[in-house]
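Pasted below: structure31.pdb, PDB, C-alpha atoms, pLDDT in the B column.
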```
MODEL        1
ATOM      1  CA  MET V 229       0.000   0.000   0.000  1.00 84.00           C
ATOM      2  CA  VAL V 230       1.188   3.529  -0.791  1.00 90.00           C
ATOM      3  CA  ALA V 231      -0.266   6.570   0.942  1.00 91.00           C
ATOM      4  CA  ARG V 232       0.796  10.082  -0.051  1.00 88.00           C
ATOM      5  CA  SER V 233       0.676  13.282   1.908  1.00 88.00           C
ATOM      6  CA  GLY V 234       2.333  16.320   0.382  1.00 86.00           C
ATOM      7  CA  ASN V 235       5.931  15.432  -0.461  1.00 89.00           C
ATOM      8  CA  GLN V 236       5.884  12.216   1.601  1.00 92.00           C
ATOM      9  CA  ALA V 237       4.894   8.685   0.651  1.00 92.00           C
ATOM     10  CA  ARG V 238       4.337   5.917   3.176  1.00 95.00           C
ATOM     11  CA  LEU V 239       4.930   2.426   1.806  1.00 95.00           C
ATOM     12  CA  GLN V 240       3.569  -0.479   3.817  1.00 96.00           C
ATOM     13  CA  TRP V 241       3.372  -4.235   3.201  1.00 96.00           C
ATOM     14  CA  GLU V 242       3.032  -7.570   4.972  1.00 96.00           C
ATOM     15  CA  SER V 243       6.395  -9.296   4.928  1.00 96.00           C
ATOM     16  CA  ASP V 244       7.658 -12.854   5.072  1.00 96.00           C
ATOM     17  CA  ALA V 245      10.686 -13.493   7.285  1.00 96.00           C
ATOM     18  CA  ARG V 246      12.228 -15.720   4.566  1.00 95.00           C
ATOM     19  CA  VAL V 247      12.166 -13.007   1.891  1.00 94.00           C
ATOM     20  CA  TYR V 248      14.209  -9.919   0.945  1.00 94.00           C
ATOM     21  CA  TYR V 249      12.399  -6.833  -0.311  1.00 94.00           C
ATOM     22  CA  THR V 250      13.541  -4.033  -2.592  1.00 94.00           C
ATOM     23  CA  VAL V 251      11.429  -0.985  -3.393  1.00 93.00           C
ATOM     24  CA  LEU V 252      11.729   0.299  -6.949  1.00 91.00           C
ATOM     25  CA  PHE V 253      10.646   3.753  -8.089  1.00 92.00           C
ATOM     26  CA  SER V 254      10.003   5.417 -11.420  1.00 91.00           C
ATOM     27  CA  ASP V 255       9.032   8.911 -12.477  1.00 90.00           C
ATOM     28  CA  THR V 256       8.062   7.539 -15.905  1.00 86.00           C
ATOM     29  CA  PRO V 257       6.518   4.136 -15.077  1.00 77.00           C
ATOM     30  CA  GLN V 258       5.379   3.486 -18.636  1.00 77.00           C
ATOM     31  CA  VAL V 259       9.059   3.169 -19.691  1.00 79.00           C
ATOM     32  CA  ALA V 260      10.384  -0.305 -18.802  1.00 72.00           C
ATOM     33  CA  ASP V 261      14.004   0.670 -18.020  1.00 78.00           C
ATOM     34  CA  SER V 262      13.022   3.659 -15.873  1.00 84.00           C
ATOM     35  CA  TRP V 263      12.601   1.640 -12.647  1.00 86.00           C
ATOM     36  CA  HIS V 264      15.410   2.056 -10.095  1.00 88.00           C
ATOM     37  CA  PRO V 265      15.996   0.683  -6.596  1.00 91.00           C
ATOM     38  CA  LEU V 266      15.279   3.107  -3.786  1.00 91.00           C
ATOM     39  CA  PRO V 267      18.702   3.414  -2.060  1.00 87.00           C
ATOM     40  CA  GLU V 268      17.306   3.220   1.467  1.00 89.00           C
ATOM     41  CA  ALA V 269      15.070   0.250   0.607  1.00 92.00           C
ATOM     42  CA  SER V 270      17.236  -2.368  -1.089  1.00 91.00           C
ATOM     43  CA  ASN V 271      17.462  -5.954   0.175  1.00 93.00           C
ATOM     44  CA  LEU V 272      15.422  -5.343   3.312  1.00 95.00           C
ATOM     45  CA  SER V 273      15.057  -8.556   5.326  1.00 96.00           C
ATOM     46  CA  GLY V 274      11.447  -9.511   5.897  1.00 96.00           C
ATOM     47  CA  THR V 275      10.306  -9.616   9.510  1.00 96.00           C
ATOM     48  CA  GLY V 276       7.138 -11.693   9.291  1.00 96.00           C
ATOM     49  CA  ASP V 277       5.208  -8.564  10.307  1.00 97.00           C
ATOM     50  CA  THR V 278       4.055  -5.395   8.605  1.00 97.00           C
ATOM     51  CA  MET V 279       6.961  -3.363   7.243  1.00 97.00           C
ATOM     52  CA  ALA V 280       6.696   0.362   6.562  1.00 96.00           C
ATOM     53  CA  LEU V 281       8.906   3.029   5.050  1.00 94.00           C
ATOM     54  CA  GLU V 282       8.527   6.817   4.815  1.00 94.00           C
ATOM     55  CA  VAL V 283       9.927   8.249   1.575  1.00 92.00           C
ATOM     56  CA  ALA V 284      10.407  11.870   0.529  1.00 91.00           C
ATOM     57  CA  VAL V 285       9.041  12.581  -2.953  1.00 91.00           C
ATOM     58  CA  PRO V 286      10.571  15.645  -4.633  1.00 89.00           C
ATOM     59  CA  PRO V 287       7.999  18.180  -5.906  1.00 87.00           C
ATOM     60  CA  GLN V 288       9.226  17.675  -9.485  1.00 86.00           C
ATOM     61  CA  ALA V 289       8.467  13.917  -9.168  1.00 86.00           C
ATOM     62  CA  ALA V 290       4.706  14.143  -8.623  1.00 81.00           C
ATOM     63  CA  ALA V 291       4.149  11.218 -11.033  1.00 86.00           C
ATOM     64  CA  ARG V 292       6.562   8.955  -9.103  1.00 90.00           C
ATOM     65  CA  ARG V 293       5.374   5.363  -8.718  1.00 91.00           C
ATOM     66  CA  PHE V 294       6.679   2.603  -6.465  1.00 92.00           C
ATOM     67  CA  ASP V 295       6.866  -1.166  -6.846  1.00 91.00           C
ATOM     68  CA  LEU V 296       7.930  -3.881  -4.417  1.00 92.00           C
ATOM     69  CA  VAL V 297      10.121  -6.800  -5.506  1.00 92.00           C
ATOM     70  CA  ALA V 298      10.417  -9.861  -3.264  1.00 92.00           C
ATOM     71  CA  THR V 299      13.343 -12.277  -3.663  1.00 90.00           C
ATOM     72  CA  GLU V 300      14.595 -15.352  -1.817  1.00 89.00           C
ATOM     73  CA  ARG V 301      18.186 -14.035  -1.760  1.00 87.00           C
ATOM     74  CA  PRO V 302      19.669 -10.536  -1.710  1.00 87.00           C
ATOM     75  CA  VAL V 303      19.816  -9.053  -5.208  1.00 82.00           C
ATOM     76  CA  THR V 304      23.074  -7.560  -6.445  1.00 78.00           C
ATOM     77  CA  SER V 305      22.152  -6.015  -9.804  1.00 74.00           C
ATOM     78  CA  VAL V 306      19.561  -3.566 -11.063  1.00 70.00           C
ATOM     79  CA  ARG V 307      19.109  -5.669 -14.189  1.00 68.00           C
ATOM     80  CA  ASP V 308      18.110  -8.676 -12.088  1.00 65.00           C
ATOM     81  CA  LEU V 309      15.576  -6.531 -10.198  1.00 66.00           C
ATOM     82  CA  ARG V 310      14.070  -5.244 -13.427  1.00 60.00           C
ATOM     83  CA  ARG V 311      13.802  -8.794 -14.785  1.00 59.00           C
ATOM     84  CA  ARG V 312      12.069  -9.971 -11.587  1.00 59.00           C
ATOM     85  CA  ARG V 313       9.704  -7.001 -11.742  1.00 56.00           C
ATOM     86  CA  THR V 314       8.452  -8.034 -15.172  1.00 49.00           C
ATOM     87  CA  SER V 315       8.377 -11.790 -14.538  1.00 46.00           C
ATOM     88  CA  GLY V 316       7.167 -11.920 -10.916  1.00 46.00           C
ATOM     89  CA  PRO V 317       8.629 -13.798  -7.928  1.00 43.00           C
TER      90      PRO V 317
ENDMDL
END
```
Now that the file is in, can you turn its structure into structure tokens?
Amino acid sequence: MVARSGNQARLQWESDARVYYTVLFSDTPQVADSWHPLPEASNLSGTGDTMALEVAVPPQAAARRFDLVATERPVTSVRDLRRRRTSGP
């Protein structure tokens, strides 16, 4: 779930303790290669509980979208994240 208030976005999801999560963002979501990992939200270890993250959204990025990628192991490359985003877990 994503909730926005002004220049802040709150991302929240139910996590699995056996999974790593990376949040991707894009200011042009219709372009496939425009998704990038959010630096403060890469390879987060699941807790088995609800996880939440507050993210600043610059005023010039009003169209910014977020996506959550779940993996069984930490991911080391952006290309791998993009591939997982299009193919699913």
Notebook entry, point to check: Could you name the residues that touch stretch 243-257 of chain V at 8 Å or less, counting only C-alpha atoms, but leaving out those on the same chain fewer than 4 positions away, as number ranges by chain?
Noted result: V: 262-266, 269-279, 289-302
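The interatomic distance for the pair atom CA of V:Ala237 and atom CA of V:Val303 works out to 23.9 Å.
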Notebook entry, point to check: Any chance you could work out the residue set of the PyMOL selection byres ((chain V and resi 238) around 12) here, as a list in words?
Noted result: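 Going through the file, the PyMOL selection byres ((chain V and resi 238) around 12) ends up selecting Met229, Val230, Ala231, Arg232, Ser233, Gly234, Asn235, Gln236, Ala237, Leu239, Gln240, Trp241, Val251, Met279, Ala280, Leu281, Glu282, Val283, Ala284, Val285, Arg293 and Phe294 of chain V.
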Output chain V from the block with C-alpha atoms, as a PDB file, in the first residue's frame?
```pdb
ATOM      1  CA  MET V 229       0.000   0.000   0.000  1.00  0.00           C
ATOM      2  CA  VAL V 230       1.188   3.529  -0.791  1.00  0.00           C
ATOM      3  CA  ALA V 231      -0.266   6.570   0.942  1.00  0.00           C
ATOM      4  CA  ARG V 232       0.796  10.082  -0.051  1.00  0.00           C
ATOM      5  CA  SER V 233       0.676  13.282   1.908  1.00  0.00           C
ATOM      6  CA  GLY V 234       2.333  16.320   0.382  1.00  0.00           C
ATOM      7  CA  ASN V 235       5.931  15.432  -0.461  1.00  0.00           C
ATOM      8  CA  GLN V 236       5.884  12.216   1.601  1.00  0.00           C
ATOM      9  CA  ALA V 237       4.894   8.685   0.651  1.00  0.00           C
ATOM     10  CA  ARG V 238       4.337   5.917   3.176  1.00  0.00           C
ATOM     11  CA  LEU V 239       4.930   2.426   1.806  1.00  0.00           C
ATOM     12  CA  GLN V 240       3.569  -0.479   3.817  1.00  0.00           C
ATOM     13  CA  TRP V 241       3.372  -4.235   3.201  1.00  0.00           C
ATOM     14  CA  GLU V 242       3.032  -7.570   4.972  1.00  0.00           C
ATOM     15  CA  SER V 243       6.395  -9.296   4.928  1.00  0.00           C
ATOM     16  CA  ASP V 244       7.658 -12.854   5.072  1.00  0.00           C
ATOM     17  CA  ALA V 245      10.686 -13.493   7.285  1.00  0.00           C
ATOM     18  CA  ARG V 246      12.228 -15.720   4.566  1.00  0.00           C
ATOM     19  CA  VAL V 247      12.166 -13.007   1.891  1.00  0.00           C
ATOM     20  CA  TYR V 248      14.209  -9.919   0.945  1.00  0.00           C
ATOM     21  CA  TYR V 249      12.399  -6.833  -0.311  1.00  0.00           C
ATOM     22  CA  THR V 250      13.541  -4.033  -2.592  1.00  0.00           C
ATOM     23  CA  VAL V 251      11.429  -0.985  -3.393  1.00  0.00           C
ATOM     24  CA  LEU V 252      11.729   0.299  -6.949  1.00  0.00           C
ATOM     25  CA  PHE V 253      10.646   3.753  -8.089  1.00  0.00           C
ATOM     26  CA  SER V 254      10.003   5.417 -11.420  1.00  0.00           C
ATOM     27  CA  ASP V 255       9.032   8.911 -12.477  1.00  0.00           C
ATOM     28  CA  THR V 256       8.062   7.539 -15.905  1.00  0.00           C
ATOM     29  CA  PRO V 257       6.518   4.136 -15.077  1.00  0.00           C
ATOM     30  CA  GLN V 258       5.379   3.486 -18.636  1.00  0.00           C
ATOM     31  CA  VAL V 259       9.059   3.169 -19.691  1.00  0.00           C
ATOM     32  CA  ALA V 260      10.384  -0.305 -18.802  1.00  0.00           C
ATOM     33  CA  ASP V 261      14.004   0.670 -18.020  1.00  0.00           C
ATOM     34  CA  SER V 262      13.022   3.659 -15.873  1.00  0.00           C
ATOM     35  CA  TRP V 263      12.601   1.640 -12.647  1.00  0.00           C
ATOM     36  CA  HIS V 264      15.410   2.056 -10.095  1.00  0.00           C
ATOM     37  CA  PRO V 265      15.996   0.683  -6.596  1.00  0.00           C
ATOM     38  CA  LEU V 266      15.279   3.107  -3.786  1.00  0.00           C
ATOM     39  CA  PRO V 267      18.702   3.414  -2.060  1.00  0.00           C
ATOM     40  CA  GLU V 268      17.306   3.220   1.467  1.00  0.00           C
ATOM     41  CA  ALA V 269      15.070   0.250   0.607  1.00  0.00           C
ATOM     42  CA  SER V 270      17.236  -2.368  -1.089  1.00  0.00           C
ATOM     43  CA  ASN V 271      17.462  -5.954   0.175  1.00  0.00           C
ATOM     44  CA  LEU V 272      15.422  -5.343   3.312  1.00  0.00           C
ATOM     45  CA  SER V 273      15.057  -8.556   5.326  1.00  0.00           C
ATOM     46  CA  GLY V 274      11.447  -9.511   5.897  1.00  0.00           C
ATOM     47  CA  THR V 275      10.306  -9.616   9.510  1.00  0.00           C
ATOM     48  CA  GLY V 276       7.138 -11.693   9.291  1.00  0.00           C
ATOM     49  CA  ASP V 277       5.208  -8.564  10.307  1.00  0.00           C
ATOM     50  CA  THR V 278       4.055  -5.395   8.605  1.00  0.00           C
ATOM     51  CA  MET V 279       6.961  -3.363   7.243  1.00  0.00           C
ATOM     52  CA  ALA V 280       6.696   0.362   6.562  1.00  0.00           C
ATOM     53  CA  LEU V 281       8.906   3.029   5.050  1.00  0.00           C
ATOM     54  CA  GLU V 282       8.527   6.817   4.815  1.00  0.00           C
ATOM     55  CA  VAL V 283       9.927   8.249   1.575  1.00  0.00           C
ATOM     56  CA  ALA V 284      10.407  11.870   0.529  1.00  0.00           C
ATOM     57  CA  VAL V 285       9.041  12.581  -2.953  1.00  0.00           C
ATOM     58  CA  PRO V 286      10.571  15.645  -4.633  1.00  0.00           C
ATOM     59  CA  PRO V 287       7.999  18.180  -5.906  1.00  0.00           C
ATOM     60  CA  GLN V 288       9.226  17.675  -9.485  1.00  0.00           C
ATOM     61  CA  ALA V 289       8.467  13.917  -9.168  1.00  0.00           C
ATOM     62  CA  ALA V 290       4.706  14.143  -8.623  1.00  0.00           C
ATOM     63  CA  ALA V 291       4.149  11.218 -11.033  1.00  0.00           C
ATOM     64  CA  ARG V 292       6.562   8.955  -9.103  1.00  0.00           C
ATOM     65  CA  ARG V 293       5.374   5.363  -8.718  1.00  0.00           C
ATOM     66  CA  PHE V 294       6.679   2.603  -6.465  1.00  0.00           C
ATOM     67  CA  ASP V 295       6.866  -1.166  -6.846  1.00  0.00           C
ATOM     68  CA  LEU V 296       7.930  -3.881  -4.417  1.00  0.00           C
ATOM     69  CA  VAL V 297      10.121  -6.800  -5.506  1.00  0.00           C
ATOM     70  CA  ALA V 298      10.417  -9.861  -3.264  1.00  0.00           C
ATOM     71  CA  THR V 299      13.343 -12.277  -3.663  1.00  0.00           C
ATOM     72  CA  GLU V 300      14.595 -15.352  -1.817  1.00  0.00           C
ATOM     73  CA  ARG V 301      18.186 -14.035  -1.760  1.00  0.00           C
ATOM     74  CA  PRO V 302      19.669 -10.536  -1.710  1.00  0.00           C
ATOM     75  CA  VAL V 303      19.816  -9.053  -5.208  1.00  0.00           C
ATOM     76  CA  THR V 304      23.074  -7.560  -6.445  1.00  0.00           C
ATOM     77  CA  SER V 305      22.152  -6.015  -9.804  1.00  0.00           C
ATOM     78  CA  VAL V 306      19.561  -3.566 -11.063  1.00  0.00           C
ATOM     79  CA  ARG V 307      19.109  -5.669 -14.189  1.00  0.00           C
ATOM     80  CA  ASP V 308      18.110  -8.676 -12.088  1.00  0.00           C
ATOM     81  CA  LEU V 309      15.576  -6.531 -10.198  1.00  0.00           C
ATOM     82  CA  ARG V 310      14.070  -5.244 -13.427  1.00  0.00           C
ATOM     83  CA  ARG V 311      13.802  -8.794 -14.785  1.00  0.00           C
ATOM     84  CA  ARG V 312      12.069  -9.971 -11.587  1.00  0.00           C
ATOM     85  CA  ARG V 313       9.704  -7.001 -11.742  1.00  0.00           C
ATOM     86  CA  THR V 314       8.452  -8.034 -15.172  1.00  0.00           C
ATOM     87  CA  SER V 315       8.377 -11.790 -14.538  1.00  0.00           C
ATOM     88  CA  GLY V 316       7.167 -11.920 -10.916  1.00  0.00           C
ATOM     89  CA  PRO V 317       8.629 -13.798  -7.928  1.00  0.00           C
TER      90      PRO V 317
END
```
